[in-house]
Amino acid sequence: MPHVSRILVRCALLFGLGWSLSTGWAAQPARPEPKAPAADWKVGVATRKLTPAGPIWMAGYANRAKPSDGVDLDVFAKAVAIEDAQGGRVVIVTLDLVGVPDGLRAYVERHAAEKFGLKPHEILLNASHTHSAPQPYPDRMVLERLFSRMAKQEDVDAVNAFEIFLQKALVELIGESRAAQTPCRMEFSQARAGFAMNRRRPDGKGNYSNNPYPAGPVDQEVPVLKVTTADGKIKALLFGYACHNTTLGGTKISGDYAGYAQQFLETSYPGATALFVMGCGADQNPYPRRGMVPDQSVDELVKQHGRALSNAVSTALNSPLRPIKGPLRSAYDHAILEYEPLSKVQLNNFQGAAHTPAVIERARNLIQALDRGERPKPLPCPVQVVKFGNDLTLVAIGGEVTVDYSLRLKRELKGPAAVWVAGYSNSVFGYLGSRRVIEEGGYEGGGANIRILNHPGPFKPETEDVVIAKVHGLLRQVQR
Ligand SMILES: [Zn+2]
């Protein structure tokens with residue numbers, strides 16, 4: 001969610017280059033090529049451009065004071081509809097947007113059920129978390145911008161129109177991807193890219209600033225699902241990375257590094273649709289970022305990170321590929337997250353003239369609820385598992401998921417199937433700290449929640465175990 005970025009120029013660590021997993025130059029004995037798997041999947045893809053024709057307020061950074069004023073790179077929604085021989089199916093929709101609003105998920109669920117008979121567990125919506133795309137959260141935009149007089153009524157109208165366009169576009173996109181299904185085979189591989197780095201730098205006194213922190217946890221894996229048609233053409237490349245999509249600032253529309261990675265892949269592999277799945281990158285930033293390298297422009301940096309990621313996908317395609325067999329089974333539910341309520345003293349700090357009427361009223365309501373002895377209503381966090389037989393397990397969690405979740409799940413689920421953990425899926429409600437991050441505090445640990453309009457307080461440290469238990473529960477369900 002909104003970040004007021006702080007840029008530290010002196011730390012210009014160049015971590016942008018993907019590296020190859022090849023073992024060297026010496027001639028190696030020829031290995032027999034693994035037999036190509038049968039084309040026993042039906043897969044279809046569809047793409048819809050989301051870039052609006054005119055200016056629009058953009059999401060992600062709280063410090064923007066005007067709507068967009070041009071386009072760096074078009075933003076897209078893309079869908080891949082996958083079906084196994086027994087009719088097990090899932091449609092994965094990837095969005096070059098900051099998040100997935102609850103209302104969008106609800107609309108898509110309702111209409112995809114009516115039109116195509118899809119169940120909630122057969123739909124996965126993932127947002128790339130680009131901070132340079134149109135604002136998809138109209139209510140927040142109205143509250144925060146209209147009051148401060150930076151936004152005009154016509155700006156609000158543009159955001160509301162975008163919401164309506166987006167809802168309809170996604171339902172159509174799902175239909176188009178299903179209609180485009182042809183016999184295909186699928187394979188999985190992975191490589192890595194090096195530009196993601198932990199961004200929670202401790203000062204040793206219990207505070208955490210948003211700055212490169214190479215000693216912090218990181219997940220630099222790049223999982224790749226390759227879809228090939230029966231006649232051998234690459235149809236889709238679904239790939240992931242766990243890193244904030246925030247190389248750029250400014251007011252030009254762009255998919256940021258993930259947008260460039262998709263564009264580079266679609267150029268390198270003509271006819272293929274490249275779809276980016278955001279991982280657990282809530283506490284990870286792409287480094288270096290703007291202003292960190294004295295003689296490198298941000299326009300060059302964003303392409304460098306995009307190229308590092310697309311090259312990691314190419315590396316994965318040249319690594320051993322694992323055939324993906326069925327059956328495809330999925331499950332979807334919500335982990336119920338409890339809040340740690342703010343105290344009356346903390347809430348009283350939101351009563352001053354510096355706050356908007358919406359914040360003041362919200363603080364008043366929370367104080368009254370506290371006086372009545374009520375606990376804040378818990379938040380339902382979507383959790384989804386998609387199991388491709390014993391070959392690949394995809395876990396998709398809602399919110400801005402911190403990297404500990406993906407590292408823990410890859411540890412706990414280690415077994416015959418490869419494990420892919422996505423964050424920013426199905427509802428992006430704000431930060432989902434791990435126990436460690438919540439106990440440490442700072443922005444991702446609860447600081448961002450104490451803006452009170454969106455949340456009544458930080459989540460409890462037990463949050464991590466509640467989410468992980470839900471993942472295990474859903475996996476037991478699909479393995480039955
Ligand atoms: Zn974020």
# chains A, B, ... in the order shown; residues from 1 in each chain; ligands from 1
>>> residues_near_ligand(ligand="ligand 1", cutoff="9 Å", atoms="only C-alpha atoms and all ligand atoms", output="ChimeraX atom specification")
/A:1-3,60-61,98-99,129-131,244-246,281-283,400,430-431,444
>>> write_last_selection(atoms="C-alpha atoms", output="CSV table (one decimal), in the first residue's frame")
chain,number,residue,atom,x,y,z
A,1,MET,CA,0.0,0.0,0.0
A,2,PRO,CA,1.1,3.6,-0.1
A,3,HIS,CA,4.7,4.2,0.6
A,60,GLY,CA,0.9,3.0,-4.5
A,61,TYR,CA,2.7,6.1,-3.4
A,98,VAL,CA,-1.2,-2.3,-7.2
A,99,GLY,CA,-3.7,-4.8,-5.8
A,129,HIS,CA,1.8,-4.4,-7.2
A,130,THR,CA,3.1,-1.9,-9.7
A,131,HIS,CA,3.0,1.5,-8.1
A,244,HIS,CA,8.0,-4.8,-4.7
A,245,ASN,CA,7.3,-3.6,-8.2
A,246,THR,CA,8.6,-0.1,-7.3
A,281,GLY,CA,7.7,-9.5,-1.8
A,282,ALA,CA,6.1,-7.2,0.8
A,283,ASP,CA,9.4,-6.5,2.6
A,400,GLU,CA,1.1,-7.9,0.9
A,430,GLY,CA,-2.6,-4.3,3.3
A,431,TYR,CA,0.5,-5.9,4.8
A,444,GLU,CA,5.1,-3.9,7.3
>>> select_by_dssp(residues="stretch 189-294 of chain A", states="alpha helix (DSSP H)", output="tab-separated table (two decimals) with C-alpha atoms, in the first residue's frame")
chain	number	residue	atom	x	y	z
A	256	ASP	CA	7.43	-1.31	-13.76
A	257	TYR	CA	10.07	-4.10	-13.87
A	258	ALA	CA	7.40	-6.84	-14.07
A	259	GLY	CA	5.80	-5.07	-17.03
A	260	TYR	CA	9.14	-4.89	-18.85
A	261	ALA	CA	9.93	-8.53	-18.05
A	262	GLN	CA	6.63	-9.55	-19.66
A	263	GLN	CA	7.27	-7.33	-22.69
A	264	PHE	CA	10.82	-8.67	-23.17
A	265	LEU	CA	9.60	-12.29	-22.96
A	266	GLU	CA	6.80	-11.70	-25.47
A	267	THR	CA	9.42	-10.25	-27.84
A	268	SER	CA	11.93	-13.08	-27.26
>>> residues_around(residues="stretch 359-370 of chain A", least_positions_apart="5", cutoff="8 Å", atoms="only C-alpha atoms", output="MDAnalysis selection string")
chainID A and resid 344 347:348 350:352 375 452:453 456
>>> closest_atom_pairs(of="stretch 56-90 of chain A", to="stretch 182-191 of chain A", cutoff="10 Å", atoms="only C-alpha atoms", output="JSON lines")
{"residue": "A:Ile82", "atom": "CA", "partner": "A:Cys184", "partner_atom": "CA", "distance": 9.4}
{"residue": "A:Glu83", "atom": "CA", "partner": "A:Pro183", "partner_atom": "CA", "distance": 9.5}
{"residue": "A:Asp84", "atom": "CA", "partner": "A:Pro183", "partner_atom": "CA", "distance": 9.8}
{"residue": "A:Ala85", "atom": "CA", "partner": "A:Pro183", "partner_atom": "CA", "distance": 9.9}
>>> select_by_dssp(residues="stretch 106-345 of chain A", states="strand (DSSP E)", output="count of residues only")
63
>>> closest_atom_pairs(of="stretch 301-334 of chain A", to="stretch 392-395 of chain A", cutoff="10 Å", atoms="only C-alpha atoms", output="JSON lines")
{"residue": "A:Arg322", "atom": "CA", "partner": "A:Leu392", "partner_atom": "CA", "distance": 9.3}
{"residue": "A:Pro323", "atom": "CA", "partner": "A:Leu392", "partner_atom": "CA", "distance": 9.7}
{"residue": "A:Ile324", "atom": "CA", "partner": "A:Leu392", "partner_atom": "CA", "distance": 7.1}
{"residue": "A:Lys325", "atom": "CA", "partner": "A:Leu392", "partner_atom": "CA", "distance": 8.8}
{"residue": "A:Gly326", "atom": "CA", "partner": "A:Leu392", "partner_atom": "CA", "distance": 9.5}
{"residue": "A:Leu328", "atom": "CA", "partner": "A:Leu392", "partner_atom": "CA", "distance": 9.7}
{"residue": "A:Arg329", "atom": "CA", "partner": "A:Thr393", "partner_atom": "CA", "distance": 9.7}
{"residue": "A:Ser330", "atom": "CA", "partner": "A:Leu394", "partner_atom": "CA", "distance": 9.2}
{"residue": "A:Ala331", "atom": "CA", "partner": "A:Val395", "partner_atom": "CA", "distance": 9.9}
>>> write_last_selection(atoms="N, CA and C atoms", output="PDB file, in the first residue's frame")
ATOM      1  N   ARG A 322      10.528 -29.915 -15.857  1.00  0.00           N
ATOM      2  CA  ARG A 322       9.793 -31.018 -15.247  1.00  0.00           C
ATOM      3  C   ARG A 322       8.392 -31.094 -15.863  1.00  0.00           C
ATOM      4  N   PRO A 323       8.030 -32.213 -16.496  1.00  0.00           N
ATOM      5  CA  PRO A 323       6.681 -32.306 -17.065  1.00  0.00           C
ATOM      6  C   PRO A 323       5.630 -32.209 -15.955  1.00  0.00           C
ATOM      7  N   ILE A 324       4.565 -31.477 -16.226  1.00  0.00           N
ATOM      8  CA  ILE A 324       3.482 -31.314 -15.245  1.00  0.00           C
ATOM      9  C   ILE A 324       2.312 -32.183 -15.667  1.00  0.00           C
ATOM     10  N   LYS A 325       1.976 -33.099 -14.784  1.00  0.00           N
ATOM     11  CA  LYS A 325       0.833 -33.980 -15.057  1.00  0.00           C
ATOM     12  C   LYS A 325      -0.309 -33.606 -14.105  1.00  0.00           C
ATOM     13  N   GLY A 326      -1.461 -34.097 -14.373  1.00  0.00           N
ATOM     14  CA  GLY A 326      -2.599 -33.840 -13.507  1.00  0.00           C
ATOM     15  C   GLY A 326      -2.656 -34.837 -12.377  1.00  0.00           C
ATOM     16  N   LEU A 328      -5.517 -31.767 -11.788  1.00  0.00           N
ATOM     17  CA  LEU A 328      -5.514 -30.414 -11.235  1.00  0.00           C
ATOM     18  C   LEU A 328      -6.604 -30.333 -10.175  1.00  0.00           C
ATOM     19  N   ARG A 329      -6.209 -29.965  -8.968  1.00  0.00           N
ATOM     20  CA  ARG A 329      -7.218 -29.788  -7.914  1.00  0.00           C
ATOM     21  C   ARG A 329      -6.920 -28.509  -7.175  1.00  0.00           C
ATOM     22  N   SER A 330      -7.962 -27.786  -6.786  1.00  0.00           N
ATOM     23  CA  SER A 330      -7.730 -26.519  -6.090  1.00  0.00           C
ATOM     24  C   SER A 330      -8.720 -26.352  -4.950  1.00  0.00           C
ATOM     25  N   ALA A 331      -8.374 -25.482  -4.020  1.00  0.00           N
ATOM     26  CA  ALA A 331      -9.261 -25.188  -2.888  1.00  0.00           C
ATOM     27  C   ALA A 331      -9.054 -23.725  -2.493  1.00  0.00           C
TER      28      ALA A 331
END
